[in-house]
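Everything on this sheet refers to the single structure shown next.
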Amino acid sequence: MKEKTLTELALLLQQRELSSVELTQYYLDRIQRLDTTLNSFISVTGEEALKQAAVADQKIAVGEAGPLTGVPIAHKDIFCTQGVRTSCGSKMLDNFIAPYNATVVEKMSEAGVVMLGKTNMDEFAMGSSNENSFYGAVSNPWNREYVPGGSSGGSAAAVAARLTPAATGTDTGGSIRQPAALCGVTGLKPTYGRVSRWGMIAFASSLDQGGPLTQSAEDAALMLSAMAGFDPKDSTSMEREVPDYSATLNNPLQGVRIGLPREYFSEGLDGGVENVVQEAIAEYRKMGAEVVDIDLPNTRLAVPTYYVVAPAECSSNLSRFDGVRYGHRCDDPRDLEDLYKRSRGEGFGDEVKRRIMIGAYTLSAGYYDAYYLKAQRLRRLISEDFQRAFERVDVIMGPVTPTTAFRKGEKSDDPVNMYLSDIYTIAVSLAGLPGMSIPAGFSDGMPVGLQLIGNHFDESRLLNLAHQYQQVSDWHRQAPEDMA
Amino acid sequence: MEWEIVIGLEIHAQLATKTKIFSPAATAFGAEPNTQACAIDLGMPGVLPVLNREVVRMATKFGLAIDAEVAHHSVFARKNYFYPDLPKGYQISQFELPIVGKGVLEIDLEDGSSKTIGVTRAHLEEDAGKSLHEDYHGMSGIDLNRAGTPLLEIVSEPDIRSSAEAVAYAKKIHSLVQYLEICDGNMQEGSFRMDVNISLRPVGQEAYGTRAEIKNLNSFRFMEKAIAYEFDRQMDILEEGGKVVQETRLFDVDKGETRSMRSKEEANDYRYFPDPDLLPVVLDEVYIESVRKELPELPNEKKHRFITHLGLSSYDASVLTGSREMAAYFEAVAEAAGGENKQAANWVMGELSAALNKAGTALADSPVTAGMLGGMIKRIADKTISGKIAKQVFEAMWSGEGSADNVIEKRGLKQITDNAAIESMIDAVIAANPAQAEQYRAGKEQLLGFFVGQVMKVSKGQANPGQVNQILREKLK
């Protein structure tokens, strides 16, 4: 059963070949048996999951089921879940139980989905290796010595290890796509504004976007249809209809123009990764797509721009964690200042502190113009690069990451090197564009992802292209061996 | 040395919306602590602000009322600082691009002159909560009911040169926001709070001196006192060759003095930046014009109309347009009085205001309604009663004896206008005072007053004084 995709399982449920309770119990058993070495879950909500599954089975029995009713999934522990701890991977929120659901959680729940639990992540979504979690590092299911990527590392690892058919994630600079690539699963970061941010704990508000991690593009289409849409509680969500993403998956690729940015195939890109990506692109040629080289001249500015914008917003977003109303509070504070300093000092990990400090610095009087304002201008230039490219091509393709997964501990003392592992994903986030990572092969036994980048709100096309590739390849169906 | 005081005001007017600026929680005053604060006001993880459209309409109204440019594009920014009653660790405010730009306000001074004060800007922001330091033994309580309450911060140019001007300006803004129905103006409940920036400079010098800011004044009288104290304090420092420290000060109401709260050196770097959770506020001309159509008649327009159409003096017109309520009451009186505008003005500003003050009653609760007062003035005009009797009638109406006509009827106060009746009273008075009549006829004409008084006494004040005068003169010839 573990090799079945979300779409296939949903069909089995609707045909009553399988009950949601059986399916849920199956995955709960797998989590219990296999997650000890992976550490991909922070919370497993078995009891509640089985209750939800029973409700789903009833709905199916009376013919009130939707396409996702009864399917189990996991939520990244950044989405608030009413009555269930939402830790955001931080000691700060180890004791936090939200009195409300994130819109994404609410929508999935309305669709009848069963929640297995909450997945591990880099603390406050800051990291590219999932080593920055208060709940410990997550292992890559393809090799336990390696990182799964981050920050949605728990979600990617859980889907790759088939501990859940699908999971939600969030992507600020690559946090869905990079772990999807490193774990060999399908990950989609939608257009900024496509999925509501309400109840999704903010890291960098102008970049954060929720999306699915799944086995296949077809699954991602199902998930996104349920997650997306305007939310009056999020002013930055777009009042725009949600298309039927499943309906266009089989559109022919004849004449589709694919752009390859020269800047994404240059210095720093691992040869093994490049070969896999090139082979995947060759498949697209075979399917009738037209492939051209394009330029995104400001690519090299993306990482520095991101590391001004994101920490600036993070420094402000994380000010609310002050030990006053909820979350970690130090013991016996002497006075207010002591309460702030020790609660925050004890509650946050090093990477979070580093980014808060960078952000506070770039926003401070006298530095604002040189950093924050300049970064905003560069962000516009980066965005314009893409807009010019989309005048010539329909979709942009390239690698997701410069290398395959690295060893645990390899980059944890070298933040800048770590930041560079998001070099191909960050520009897309800054431009607010949808981006996708799909499994395209292996290099030295570790998965390699192909990145698809679309114009704003062109998720349908990305899913269409990804699905067509998955019709002629089986990388996405390959799973690591179970290891307890 | 002669010193000139330079004053600028920052006024926080709480906008009279039902719900908060970025959340659906209620704004009503006086609820139990933390019962009017939702997850958004508490700054819970993952929550997001959504702008209350009503505040934009209210700010636009204010901008139009002071002839300011209403921004087509304004931006909410975060003002970052840590404080327990600031749940998010930042206040959402407007910084570089406020919704209301430069405007002007004309103020009337007591000597009858007027002066134009510039308004630099007005911007929207959320209020913080309240820290409660009593009753918690070594700890502080936090009440977040007020957190997220919408405020319009109105910043003046440093155009003000005396405490009288400062008070006139603040009162004018206070009246204007109530005219516009965007603020209830309740100063006890903190709906209208003033920060005063004060500096001194030698008369004739152009450059400004170093200023001190007195925060959170909630009474015009305290503001006047605080300015006076601050003037003396700064003058003493400067005359002794010292330097005024740029700092925030508080006015101690009990001691009548200001004291330092924090100096500039300890001041926060607020790290302002545009709030990425909120989109820019974009207003087009169609919207702005639609708000303009909603504007009521503004104080200055009303004052002008009172002078040109109702024939009032400039002073009377200013006083009567001081509040929308007062102006409306006056207009209702004048109408009920059949166009006796001057009389209506005198009675509203005189007897009525005095009675309200004495009883500590609000105009809205006046036992004498505009209709009653107007009806009484009508009876003066048609000579049913004299002005003197009217005072009695007014008092009776005030104590609940009904309309003027009722009082006149019941108390038999109708004026005696019958010539024959007046003549017989006069004859009796002259007959009873032969000596005085003799002296009058001999040329001591001041005695006319004596005779008028006697006749009025006999008539119990009801004889028409004009007729009494006229007939007396004839009879005493």
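Please note that chains go A, B, ... in the order of the structure tokens, that every chain numbers its residues from 1, and that ligands are numbered from 1 in the order shown.
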ask   = Quick one: residues within 12 Å of B:Arg221, only C-alpha atoms counted, chain neighbours fewer than 2 positions away excluded, as a PyMOL selection string?
value = chain B and resi 163-164+166-168+170-171+187+194+217-219+223-228+251+253+256
Write the residues you've just listed into a file as an mmCIF file, in the first residue's frame, and include N, CA and C atoms for each of them.
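Produced file again.cif, reproduced below:
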```
data_model
loop_
_atom_site.group_PDB
_atom_site.id
_atom_site.type_symbol
_atom_site.label_atom_id
_atom_site.label_comp_id
_atom_site.auth_asym_id
_atom_site.auth_seq_id
_atom_site.Cartn_x
_atom_site.Cartn_y
_atom_site.Cartn_z
ATOM 1 N N SER B 163 0.161 79.487 25.159
ATOM 2 C CA SER B 163 -0.717 78.414 25.653
ATOM 3 C C SER B 163 -2.144 78.689 25.206
ATOM 4 N N ALA B 164 -2.527 79.956 25.093
ATOM 5 C CA ALA B 164 -3.887 80.286 24.641
ATOM 6 C C ALA B 164 -4.102 79.775 23.217
ATOM 7 N N ALA B 166 -2.460 77.335 21.864
ATOM 8 C CA ALA B 166 -2.433 75.867 21.926
ATOM 9 C C ALA B 166 -3.817 75.339 22.316
ATOM 10 N N VAL B 167 -4.408 75.981 23.311
ATOM 11 C CA VAL B 167 -5.736 75.546 23.758
ATOM 12 C C VAL B 167 -6.772 75.785 22.656
ATOM 13 N N ALA B 168 -6.682 76.948 22.013
ATOM 14 C CA ALA B 168 -7.652 77.255 20.946
ATOM 15 C C ALA B 168 -7.530 76.230 19.815
ATOM 16 N N ALA B 170 -6.277 73.106 20.024
ATOM 17 C CA ALA B 170 -6.717 71.780 20.479
ATOM 18 C C ALA B 170 -8.236 71.714 20.561
ATOM 19 N N LYS B 171 -8.838 72.819 21.048
ATOM 20 C CA LYS B 171 -10.308 72.835 21.140
ATOM 21 C C LYS B 171 -10.943 72.783 19.758
ATOM 22 N N MET B 187 -12.724 62.995 26.756
ATOM 23 C CA MET B 187 -11.346 63.112 27.238
ATOM 24 C C MET B 187 -11.093 62.272 28.483
ATOM 25 N N MET B 194 -3.461 64.587 24.098
ATOM 26 C CA MET B 194 -2.577 65.568 23.473
ATOM 27 C C MET B 194 -1.138 65.423 23.955
ATOM 28 N N LEU B 217 -1.621 64.432 27.665
ATOM 29 C CA LEU B 217 -2.483 65.348 28.413
ATOM 30 C C LEU B 217 -3.916 65.097 27.968
ATOM 31 N N ASN B 218 -4.811 65.015 28.937
ATOM 32 C CA ASN B 218 -6.194 64.735 28.542
ATOM 33 C C ASN B 218 -7.167 65.802 29.046
ATOM 34 N N SER B 219 -6.649 67.031 29.243
ATOM 35 C CA SER B 219 -7.548 68.133 29.582
ATOM 36 C C SER B 219 -6.909 69.422 29.075
ATOM 37 N N MET B 223 -3.293 71.107 30.033
ATOM 38 C CA MET B 223 -2.360 71.463 28.969
ATOM 39 C C MET B 223 -1.872 72.892 29.174
ATOM 40 N N GLU B 224 -2.801 73.770 29.502
ATOM 41 C CA GLU B 224 -2.448 75.172 29.723
ATOM 42 C C GLU B 224 -1.446 75.287 30.881
ATOM 43 N N LYS B 225 -1.730 74.560 31.947
ATOM 44 C CA LYS B 225 -0.840 74.598 33.120
ATOM 45 C C LYS B 225 0.520 74.013 32.796
ATOM 46 N N ALA B 226 0.511 72.897 32.069
ATOM 47 C CA ALA B 226 1.764 72.224 31.736
ATOM 48 C C ALA B 226 2.641 73.138 30.872
ATOM 49 N N ILE B 227 2.014 73.845 29.944
ATOM 50 C CA ILE B 227 2.780 74.750 29.076
ATOM 51 C C ILE B 227 3.374 75.880 29.912
ATOM 52 N N ALA B 228 2.559 76.425 30.810
ATOM 53 C CA ALA B 228 3.045 77.526 31.654
ATOM 54 C C ALA B 228 4.226 77.056 32.498
ATOM 55 N N PHE B 251 3.195 65.342 32.814
ATOM 56 C CA PHE B 251 2.654 66.399 33.658
ATOM 57 C C PHE B 251 2.021 65.764 34.882
ATOM 58 N N VAL B 253 -0.339 66.060 37.609
ATOM 59 C CA VAL B 253 -1.523 66.887 37.824
ATOM 60 C C VAL B 253 -1.579 67.420 39.259
ATOM 61 N N GLY B 256 1.284 69.914 39.721
ATOM 62 C CA GLY B 256 1.260 70.983 38.726
ATOM 63 C C GLY B 256 2.598 71.207 38.058
#
```
inquiry  = Please list as an NGL selection string every residue within 8 Å of A:Ala221, counting only C-alpha atoms and excluding residues in the same chain fewer than 3 positions away.
reply    = :A and (217-218 or 224-225 or 245-246 or 463)
request  = Determine which residues of stretch 198-447 of chain B receive a DSSP assignment of alpha helix (DSSP H), computed from the backbone, and state them as a PyMOL selection string.
outcome  = chain B and resi 220-239+285-294+299-308+314-320+324-336+341-347+353-359+370-381+387-398+404-411+419-432+434-441
query = Which is closest to chain A among B:Pro158, B:Gly63, B:Gly141, B:Gly453, if we use only C-alpha atoms?
reply = B:Gly141
key: Surrounding residues of A:Ala360 excluding itself and chain neighbours under 5 positions, 8 Å, only C-alpha atoms, as a count of residues only   = 5
query = So which bits of stretch 81-204 of chain A end up strand (DSSP E or B) when you DSSP the backbone, as number ranges by chain?
reply = A: 81, 84-85, 97, 114-119, 140, 143, 146, 166-171, 186-189, 195, 200
task = Enumerate as a PyMOL selection string the residues belonging to chain A that approach chain B to within 9 Å, with only C-alpha atoms taken into account.
result = chain A and resi 78-80+98-100+102+197-202+204-206+232-236+312-313+316-322+324-326+335-336+340+360-365+368+372
Residue subset to file, keeping C-alpha atoms, as a CSV table (one decimal), in the first residue's frame:
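As written to disk, part-v1.csv reads:
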```csv
chain,number,residue,atom,x,y,z
A,78,ILE,CA,4.2,25.8,11.4
A,79,PHE,CA,0.5,25.7,10.8
A,80,CYS,CA,-1.7,26.4,13.8
A,98,ALA,CA,-3.3,27.5,19.4
A,99,PRO,CA,-7.0,28.3,20.0
A,100,TYR,CA,-7.6,28.4,16.2
A,102,ALA,CA,-4.7,27.9,10.2
A,197,ARG,CA,-1.1,32.7,5.4
A,198,TRP,CA,-3.6,33.0,8.3
A,199,GLY,CA,-2.5,30.8,11.1
A,200,MET,CA,0.8,30.0,9.4
A,201,ILE,CA,3.4,31.3,11.8
A,202,ALA,CA,5.3,34.1,10.0
A,204,ALA,CA,9.1,36.6,6.4
A,205,SER,CA,5.6,37.8,5.6
A,206,SER,CA,6.3,39.1,2.1
A,232,PRO,CA,-10.6,37.5,4.0
A,233,LYS,CA,-8.4,37.0,7.0
A,234,ASP,CA,-5.2,37.5,4.9
A,235,SER,CA,-5.0,40.9,3.2
A,236,THR,CA,-2.2,39.5,1.0
A,312,ALA,CA,14.4,42.2,8.5
A,313,GLU,CA,10.8,40.9,8.5
A,316,SER,CA,9.9,42.1,13.6
A,317,ASN,CA,7.7,39.1,13.3
A,318,LEU,CA,9.4,37.3,16.1
A,319,SER,CA,9.2,40.2,18.5
A,320,ARG,CA,5.8,38.9,19.8
A,321,PHE,CA,7.6,36.0,21.4
A,322,ASP,CA,8.4,37.9,24.5
A,324,VAL,CA,4.5,37.8,28.3
A,325,ARG,CA,1.4,36.1,26.9
A,326,TYR,CA,2.3,32.6,25.8
A,335,ASP,CA,12.4,42.6,36.1
A,336,LEU,CA,10.9,43.2,32.7
A,340,TYR,CA,12.6,39.6,27.8
A,360,ALA,CA,17.4,44.4,13.6
A,361,TYR,CA,20.7,45.7,12.2
A,362,THR,CA,19.5,46.2,8.6
A,363,LEU,CA,16.4,48.1,9.8
A,364,SER,CA,18.2,50.3,12.3
A,365,ALA,CA,18.5,54.0,11.8
A,368,TYR,CA,17.9,51.2,6.6
A,372,TYR,CA,16.5,47.3,3.5
```
query = Out of B:Val286, B:Ile198, B:Val468, B:Ala59, which residue has the shortest atom-to-atom distance to B:Gly8 when counting only C-alpha atoms?
reply =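 Closest to B:Gly8 of all the choices is B:Ile198.
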request  = Can you pull out every residue within 12 Å of B:His72, counting only C-alpha atoms, but drop anything in the same chain fewer than 5 positions away, and send it as a count of residues only?
outcome  = 16
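If you count only C-alpha atoms and ignore residues fewer than 5 places along the chain from stretch 377-381 of chain A, what sits within 8 Å of it is Asn298, Leu301, Ala302, Thr305, Leu430 and Ala431 of chain A.
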Output for the residues just chosen: C-alpha atoms as a short mmCIF file (atom, residue, chain, number, x, y, z; two decimals), in the first residue's frame:
```
data_model
loop_
_atom_site.label_atom_id
_atom_site.label_comp_id
_atom_site.auth_asym_id
_atom_site.auth_seq_id
_atom_site.Cartn_x
_atom_site.Cartn_y
_atom_site.Cartn_z
CA ASN A 298 20.43 39.62 -11.48
CA LEU A 301 21.98 39.33 -6.24
CA ALA A 302 19.18 37.09 -5.05
CA THR A 305 18.87 40.48 -1.24
CA LEU A 430 11.61 37.19 -4.12
CA ALA A 431 9.62 37.52 -7.35
#
```
Residues near A:Arg477, cut-off 10 Å, only C-alpha atoms, skip fewer than 3 positions along chain, as an mmCIF file with N, CA and C atoms, in the first residue's frame:
```
data_model
loop_
_atom_site.group_PDB
_atom_site.id
_atom_site.type_symbol
_atom_site.label_atom_id
_atom_site.label_comp_id
_atom_site.auth_asym_id
_atom_site.auth_seq_id
_atom_site.Cartn_x
_atom_site.Cartn_y
_atom_site.Cartn_z
ATOM 1 N N GLU A 3 3.275 2.198 -1.658
ATOM 2 C CA GLU A 3 3.698 2.795 -2.945
ATOM 3 C C GLU A 3 2.564 3.578 -3.608
ATOM 4 N N LYS A 4 1.380 3.490 -3.057
ATOM 5 C CA LYS A 4 0.245 4.174 -3.683
ATOM 6 C C LYS A 4 0.323 5.685 -3.449
ATOM 7 N N THR A 5 -0.090 6.399 -4.466
ATOM 8 C CA THR A 5 -0.101 7.858 -4.338
ATOM 9 C C THR A 5 -1.395 8.302 -3.670
ATOM 10 N N ALA A 160 8.762 11.091 1.530
ATOM 11 C CA ALA A 160 9.734 10.230 0.844
ATOM 12 C C ALA A 160 9.739 8.839 1.457
ATOM 13 N N GLY A 184 13.686 13.585 -2.921
ATOM 14 C CA GLY A 184 13.086 12.895 -4.058
ATOM 15 C C GLY A 184 11.570 12.863 -4.046
ATOM 16 N N VAL A 185 10.933 13.971 -3.614
ATOM 17 C CA VAL A 185 9.469 14.052 -3.699
ATOM 18 C C VAL A 185 9.065 15.282 -4.517
ATOM 19 N N GLN A 215 3.866 12.763 -3.554
ATOM 20 C CA GLN A 215 4.646 11.854 -4.412
ATOM 21 C C GLN A 215 4.615 12.326 -5.860
ATOM 22 N N SER A 216 3.467 12.816 -6.299
ATOM 23 C CA SER A 216 3.327 13.119 -7.725
ATOM 24 C C SER A 216 2.704 14.494 -7.953
ATOM 25 N N PRO A 439 11.064 14.995 -8.782
ATOM 26 C CA PRO A 439 12.187 14.052 -8.824
ATOM 27 C C PRO A 439 12.604 13.789 -10.274
ATOM 28 N N GLN A 470 6.112 13.004 -15.405
ATOM 29 C CA GLN A 470 5.914 11.826 -14.555
ATOM 30 C C GLN A 470 5.173 10.698 -15.287
ATOM 31 N N SER A 473 8.414 9.053 -16.857
ATOM 32 C CA SER A 473 9.523 8.700 -15.959
ATOM 33 C C SER A 473 8.932 8.048 -14.718
ATOM 34 N N ASP A 474 9.780 7.364 -13.935
ATOM 35 C CA ASP A 474 9.248 6.783 -12.701
ATOM 36 C C ASP A 474 10.072 7.173 -11.480
#
```
query = Do you know which residues are at most 6 Å from A:Phe134 counting only C-alpha atoms, after dropping those on the same chain fewer than 3 positions away, and could you put them as an MDAnalysis selection string?
reply = chainID A and resid 89:91
